[in-house]
$ cat query-v3.tsv   # TSV, N, CA and C atoms
chain	number	residue	atom	x	y	z
H	192	MET	N	118.69	85.93	94.99
H	192	MET	CA	118.06	87.06	95.63
H	192	MET	C	117.38	87.90	94.55
H	193	LEU	N	116.07	87.93	94.57
H	193	LEU	CA	115.32	88.76	93.63
H	193	LEU	C	115.13	90.13	94.28
H	194	PRO	N	115.68	91.19	93.69
H	194	PRO	CA	115.55	92.51	94.31
H	194	PRO	C	114.12	93.02	94.27
H	195	ARG	N	113.84	93.97	95.17
H	195	ARG	CA	112.54	94.63	95.24
H	195	ARG	C	112.75	96.14	95.19
H	196	SER	N	111.69	96.87	94.91
H	196	SER	CA	111.77	98.33	94.88
H	196	SER	C	112.34	98.84	96.20
H	197	GLY	N	113.30	99.76	96.09
H	197	GLY	CA	113.93	100.33	97.28
H	197	GLY	C	115.22	99.65	97.68
H	198	ASP	N	115.44	98.44	97.20
H	198	ASP	CA	116.69	97.74	97.53
H	198	ASP	C	117.89	98.42	96.88
H	199	VAL	N	119.01	98.41	97.58
H	199	VAL	CA	120.27	98.87	97.02
H	199	VAL	C	121.11	97.62	96.81
H	200	ILE	N	121.60	97.46	95.57
H	200	ILE	CA	122.36	96.27	95.22
H	200	ILE	C	123.72	96.66	94.64
H	201	HIS	N	124.67	95.74	94.78
H	201	HIS	CA	125.99	95.90	94.21
H	201	HIS	C	126.00	95.12	92.91
H	202	VAL	N	126.25	95.81	91.80
H	202	VAL	CA	126.23	95.19	90.48
H	202	VAL	C	127.66	95.10	89.97
H	203	THR	N	128.10	93.90	89.67
H	203	THR	CA	129.46	93.67	89.18
H	203	THR	C	129.40	92.84	87.90
H	204	LYS	N	130.56	92.48	87.39
H	204	LYS	CA	130.59	91.67	86.17
H	204	LYS	C	130.02	90.27	86.40
H	205	ALA	N	129.84	89.88	87.66
H	205	ALA	CA	129.17	88.60	87.94
H	205	ALA	C	127.70	88.66	87.51
H	206	ALA	N	127.14	89.87	87.46
H	206	ALA	CA	125.75	90.05	87.02
H	206	ALA	C	125.67	90.21	85.51
H	207	SER	N	126.69	90.82	84.91
H	207	SER	CA	126.76	90.99	83.46
H	207	SER	C	128.13	91.56	83.11
H	208	VAL	N	128.68	91.11	81.99
H	208	VAL	CA	130.04	91.53	81.63
H	208	VAL	C	130.16	93.04	81.42
H	209	GLN	N	129.05	93.71	81.15
H	209	GLN	CA	129.11	95.16	80.94
H	209	GLN	C	129.46	95.92	82.22
H	210	PHE	N	129.39	95.26	83.38
H	210	PHE	CA	129.67	95.93	84.64
H	210	PHE	C	131.04	95.55	85.18
H	211	ALA	N	132.05	95.65	84.33
H	211	ALA	CA	133.43	95.41	84.76
H	211	ALA	C	133.82	96.40	85.85
H	212	ALA	N	133.28	97.62	85.76
H	212	ALA	CA	133.43	98.61	86.83
H	212	ALA	C	132.18	98.50	87.71
H	213	PRO	N	132.31	97.98	88.93
H	213	PRO	CA	131.14	97.77	89.79
H	213	PRO	C	130.41	99.07	90.10
H	214	MET	N	129.12	98.94	90.41
H	214	MET	CA	128.33	100.11	90.80
H	214	MET	C	127.28	99.72	91.82
H	215	LEU	N	126.85	100.73	92.57
H	215	LEU	CA	125.70	100.58	93.46
H	215	LEU	C	124.47	101.03	92.69
H	216	PHE	N	123.37	100.34	92.90
H	216	PHE	CA	122.16	100.57	92.13
H	216	PHE	C	120.95	100.48	93.05
H	217	ARG	N	120.11	101.54	93.05
H	217	ARG	CA	118.86	101.53	93.84
H	217	ARG	C	117.73	101.14	92.90
H	218	VAL	N	117.05	100.07	93.22
H	218	VAL	CA	116.01	99.52	92.36
H	218	VAL	C	114.72	100.33	92.49
H	219	ILE	N	114.17	100.70	91.33
H	219	ILE	CA	112.85	101.33	91.28
H	219	ILE	C	111.80	100.28	90.94
H	220	ARG	N	112.13	99.46	89.95
H	220	ARG	CA	111.16	98.50	89.43
H	220	ARG	C	111.87	97.25	88.94
H	221	VAL	N	111.24	96.11	89.19
H	221	VAL	CA	111.69	94.84	88.63
H	221	VAL	C	110.66	94.47	87.58
H	222	HIS	N	111.08	94.45	86.32
H	222	HIS	CA	110.14	94.16	85.24
H	222	HIS	C	109.83	92.67	85.20
H	223	ASP	N	108.61	92.36	84.80
H	223	ASP	CA	108.21	90.95	84.65
H	223	ASP	C	108.25	90.53	83.18
H	224	TRP	N	109.07	91.19	82.41
H	224	TRP	CA	109.21	90.88	81.00
H	224	TRP	C	109.79	89.47	80.82
H	225	PRO	N	109.30	88.74	79.82
H	225	PRO	CA	109.89	87.42	79.56
H	225	PRO	C	111.33	87.57	79.07
H	226	THR	N	112.21	86.76	79.61
H	226	THR	CA	113.62	86.83	79.24
H	226	THR	C	114.26	85.47	79.49
H	227	TYR	N	115.55	85.39	79.38
H	227	TYR	CA	116.26	84.13	79.61
H	227	TYR	C	116.18	83.73	81.08
H	228	GLU	N	116.24	82.45	81.34
H	228	GLU	CA	116.21	81.92	82.70
H	228	GLU	C	117.33	82.54	83.54
H	229	GLY	N	116.96	83.12	84.69
H	229	GLY	CA	117.95	83.68	85.60
H	229	GLY	C	118.34	85.13	85.31
H	230	TRP	N	117.77	85.73	84.27
H	230	TRP	CA	118.06	87.13	83.92
H	230	TRP	C	116.83	87.99	84.16
H	231	ILE	N	117.05	89.25	84.52
H	231	ILE	CA	115.94	90.19	84.75
H	231	ILE	C	116.32	91.59	84.26
H	232	TRP	N	115.29	92.37	83.97
H	232	TRP	CA	115.44	93.79	83.68
H	232	TRP	C	115.09	94.57	84.94
H	233	LEU	N	115.94	95.53	85.30
H	233	LEU	CA	115.71	96.40	86.45
H	233	LEU	C	115.74	97.85	86.02
H	234	ASP	N	114.87	98.66	86.57
H	234	ASP	CA	114.94	100.11	86.44
H	234	ASP	C	115.41	100.65	87.78
H	235	GLY	N	116.23	101.69	87.74
H	235	GLY	CA	116.69	102.27	88.99
H	235	GLY	C	117.69	103.36	88.78
H	236	TYR	N	118.40	103.68	89.84
H	236	TYR	CA	119.38	104.76	89.83
H	236	TYR	C	120.76	104.24	90.19
H	237	GLU	N	121.74	104.63	89.39
H	237	GLU	CA	123.13	104.40	89.76
H	237	GLU	C	123.45	105.37	90.88
H	238	LEU	N	124.11	104.88	91.93
H	238	LEU	CA	124.43	105.71	93.10
H	238	LEU	C	125.92	106.01	93.16
H	239	ASN	N	126.25	107.21	93.64
H	239	ASN	CA	127.67	107.53	93.86
H	239	ASN	C	128.07	107.01	95.24
H	240	THR	N	129.29	107.28	95.65
H	240	THR	CA	129.80	106.76	96.92
H	240	THR	C	129.06	107.33	98.14
H	241	SER	N	128.39	108.47	97.96
H	241	SER	CA	127.61	109.06	99.05
H	241	SER	C	126.20	108.50	99.12
H	242	GLY	N	125.84	107.69	98.13
H	242	GLY	CA	124.49	107.12	98.09
H	242	GLY	C	123.49	107.99	97.34
H	243	ASP	N	123.97	109.04	96.67
H	243	ASP	CA	123.09	109.92	95.90
H	243	ASP	C	122.91	109.37	94.49
H	244	ALA	N	121.71	109.50	93.97
H	244	ALA	CA	121.42	109.06	92.61
H	244	ALA	C	122.12	109.98	91.62
H	245	VAL	N	122.83	109.38	90.66
H	245	VAL	CA	123.54	110.19	89.67
H	245	VAL	C	123.02	109.96	88.25
H	246	GLU	N	122.37	108.80	88.02
H	246	GLU	CA	121.86	108.53	86.68
H	246	GLU	C	120.77	107.46	86.76
H	247	ARG	N	119.66	107.72	86.07
H	247	ARG	CA	118.62	106.70	85.97
H	247	ARG	C	119.00	105.73	84.86
H	248	ARG	N	118.82	104.43	85.12
H	248	ARG	CA	119.23	103.41	84.15
H	248	ARG	C	118.25	102.24	84.16
H	249	SER	N	118.23	101.53	83.05
H	249	SER	CA	117.59	100.22	82.95
H	249	SER	C	118.72	99.24	82.68
H	250	ILE	N	118.79	98.18	83.47
H	250	ILE	CA	119.89	97.23	83.31
H	250	ILE	C	119.33	95.81	83.17
H	251	PHE	N	120.05	94.99	82.43
H	251	PHE	CA	119.71	93.58	82.19
H	251	PHE	C	120.79	92.74	82.85
H	252	VAL	N	120.42	92.01	83.90
H	252	VAL	CA	121.42	91.33	84.73
H	252	VAL	C	121.00	89.92	85.11
H	253	GLN	N	121.98	89.13	85.52
H	253	GLN	CA	121.73	87.81	86.08
H	253	GLN	C	121.43	87.95	87.57
H	254	VAL	N	120.33	87.38	87.98
H	254	VAL	CA	119.93	87.48	89.39
H	254	VAL	C	121.02	86.93	90.31
H	255	GLY	N	121.64	85.82	89.91
H	255	GLY	CA	122.65	85.19	90.74
H	255	GLY	C	123.91	86.03	90.95
H	256	GLY	N	124.11	87.05	90.11
H	256	GLY	CA	125.30	87.89	90.24
H	256	GLY	C	125.08	89.15	91.05
H	257	LEU	N	123.88	89.34	91.58
H	257	LEU	CA	123.58	90.54	92.37
H	257	LEU	C	123.86	90.30	93.84
H	258	ARG	N	124.34	91.34	94.51
H	258	ARG	CA	124.61	91.25	95.95
H	258	ARG	C	123.86	92.37	96.66
H	259	ALA	N	123.02	92.01	97.63
H	259	ALA	CA	122.25	93.00	98.38
H	259	ALA	C	123.18	93.82	99.28
H	260	VAL	N	122.97	95.13	99.27
H	260	VAL	CA	123.72	96.02	100.15
H	260	VAL	C	122.82	96.50	101.27
H	261	GLY	N	121.56	96.75	100.95
H	261	GLY	CA	120.59	97.19	101.97
H	261	GLY	C	119.45	97.92	101.33
H	262	LYS	N	118.63	98.47	102.19
H	262	LYS	CA	117.51	99.28	101.75
H	262	LYS	C	117.99	100.71	101.51
H	263	ALA	N	117.27	101.41	100.66
H	263	ALA	CA	117.58	102.82	100.43
H	263	ALA	C	117.42	103.59	101.74
H	264	PRO	N	118.29	104.56	102.01
H	264	PRO	CA	118.16	105.34	103.24
H	264	PRO	C	116.88	106.15	103.23
H	265	ASP	N	116.31	106.36	104.40
H	265	ASP	CA	115.10	107.16	104.54
H	265	ASP	C	115.45	108.62	104.28
H	266	PRO	N	114.86	109.25	103.25
H	266	PRO	CA	115.22	110.64	102.94
H	266	PRO	C	114.91	111.60	104.08
H	267	ARG	N	113.97	111.26	104.94
H	267	ARG	CA	113.66	112.14	106.08
H	267	ARG	C	114.80	112.20	107.06
H	268	ALA	N	115.62	111.15	107.12
H	268	ALA	CA	116.76	111.14	108.04
H	268	ALA	C	117.82	112.14	107.60
H	269	ARG	N	117.92	112.40	106.30
H	269	ARG	CA	118.94	113.32	105.80
H	269	ARG	C	118.61	114.77	106.12
H	270	ASN	N	117.31	115.12	106.17
H	270	ASN	CA	116.97	116.52	106.41
H	270	ASN	C	116.48	116.75	107.84
H	271	GLY	N	116.56	115.74	108.68
H	271	GLY	CA	116.24	115.91	110.09
H	271	GLY	C	114.77	115.86	110.42
H	272	ARG	N	113.90	115.68	109.43
H	272	ARG	CA	112.47	115.61	109.71
H	272	ARG	C	112.12	114.24	110.24
H	273	GLN	N	111.09	114.21	111.07
H	273	GLN	CA	110.60	112.94	111.56
H	273	GLN	C	109.11	112.87	111.28
H	274	PRO	N	108.62	111.71	110.86
H	274	PRO	CA	107.21	111.60	110.57
H	274	PRO	C	106.36	111.82	111.81
H	275	GLY	N	105.26	112.55	111.67
H	275	GLY	CA	104.34	112.77	112.77
H	275	GLY	C	104.74	113.87	113.73
H	276	ILE	N	105.87	114.51	113.52
H	276	ILE	CA	106.31	115.58	114.41
H	276	ILE	C	106.01	116.91	113.72
H	277	GLY	N	105.17	117.72	114.32
H	277	GLY	CA	104.82	119.01	113.74
H	277	GLY	C	105.90	120.03	113.96
H	278	SER	N	105.79	121.15	113.24
H	278	SER	CA	106.80	122.19	113.38
H	278	SER	C	106.43	123.21	114.44
H	279	GLY	N	105.21	123.11	114.99
H	279	GLY	CA	104.80	124.06	116.02
H	279	GLY	C	105.48	123.80	117.34
H	280	SER	N	105.46	124.79	118.22
H	280	SER	CA	106.11	124.62	119.51
H	280	SER	C	105.15	124.00	120.51
H	281	GLY	N	105.68	123.24	121.43
H	281	GLY	CA	104.89	122.65	122.50
H	281	GLY	C	104.25	121.35	122.08
H	282	SER	N	103.73	120.66	123.10
H	282	SER	CA	103.10	119.37	122.84
H	282	SER	C	101.67	119.58	122.36
H	283	VAL	N	101.08	118.53	121.84
H	283	VAL	CA	99.69	118.59	121.38
H	283	VAL	C	98.78	118.87	122.56
H	284	ALA	N	99.04	118.21	123.69
H	284	ALA	CA	98.22	118.42	124.88
H	284	ALA	C	98.27	119.88	125.34
H	285	ALA	N	99.46	120.48	125.31
H	285	ALA	CA	99.60	121.87	125.74
H	285	ALA	C	98.85	122.80	124.79
H	286	ARG	N	98.90	122.53	123.51
H	286	ARG	CA	98.17	123.36	122.55
H	286	ARG	C	96.66	123.20	122.73
H	287	MET	N	96.21	121.98	123.04
H	287	MET	CA	94.77	121.76	123.24
H	287	MET	C	94.29	122.49	124.47
H	288	ARG	N	95.10	122.50	125.54
H	288	ARG	CA	94.70	123.20	126.77
H	288	ARG	C	94.61	124.70	126.51
H	289	SER	N	95.50	125.22	125.69
H	289	SER	CA	95.50	126.66	125.45
H	289	SER	C	94.35	127.09	124.54
H	290	ASN	N	93.74	126.16	123.84
H	290	ASN	CA	92.62	126.48	122.95
H	290	ASN	C	91.27	126.38	123.66
H	291	ARG	N	91.25	126.14	124.94
H	291	ARG	CA	89.97	126.02	125.68
H	291	ARG	C	89.38	127.34	125.95
$ encode --input "query-v3.tsv" --output "structure tokens"
Amino acid sequence: MLPRSGDVIHVTKAASVQFAAPMLFRVIRVHDWPTYEGWIWLDGYELNTSGDAVERRSIFVQVGGLRAVGKAPDPRARNGRQPGIGSGSGSVAARMRSNR
């Protein structure tokens, strides 16, 4: 599984011995740098148990040792905003009728 930007992955010692303490990691970038077969450099954020970013990191891991957890949560869902919904009162049609 090759991660993509926005993916949340579980990184353990199966990915690299430095991760004896597992962590969740949100991928920002997958580098195309030349490296050993099956290894990649990732930029991203270490996540706490709530899914909040606590530290930006670059990590060198084996692709075969990564486990997908899911996509990063939509930040609009946390603050209650919805795309395309204005803050004004009433529907668009009602506002258009009142502007005649």
$ residues_around --input "query-v3.tsv" --residues "H:Val218" --least-positions-apart "2" --cutoff "10 Å" --atoms "only C-alpha atoms" --output "list in words"
Pro194, Arg195, Ser196, Gly197, Asp198, Val199, Ile200, Leu215, Phe216, Arg220, Val221, Leu233, Asp234, Gly235, Tyr236, Glu237, Arg247, Arg248, Ser249, Lys262 and Ala263 of chain H
$ atom_distance --input "query-v3.tsv" --atom1 "atom N of H:Thr226" --atom2 "atom N of H:Glu246"
25.7 Å
$ atom_distance --input "query-v3.tsv" --atom1 "atom CA of H:Val260" --atom2 "atom N of H:His201"
5.5 Å
$ atom_distance --input "query-v3.tsv" --atom1 "atom CA of H:Pro213" --atom2 "atom CA of H:Pro225"
25.8 Å
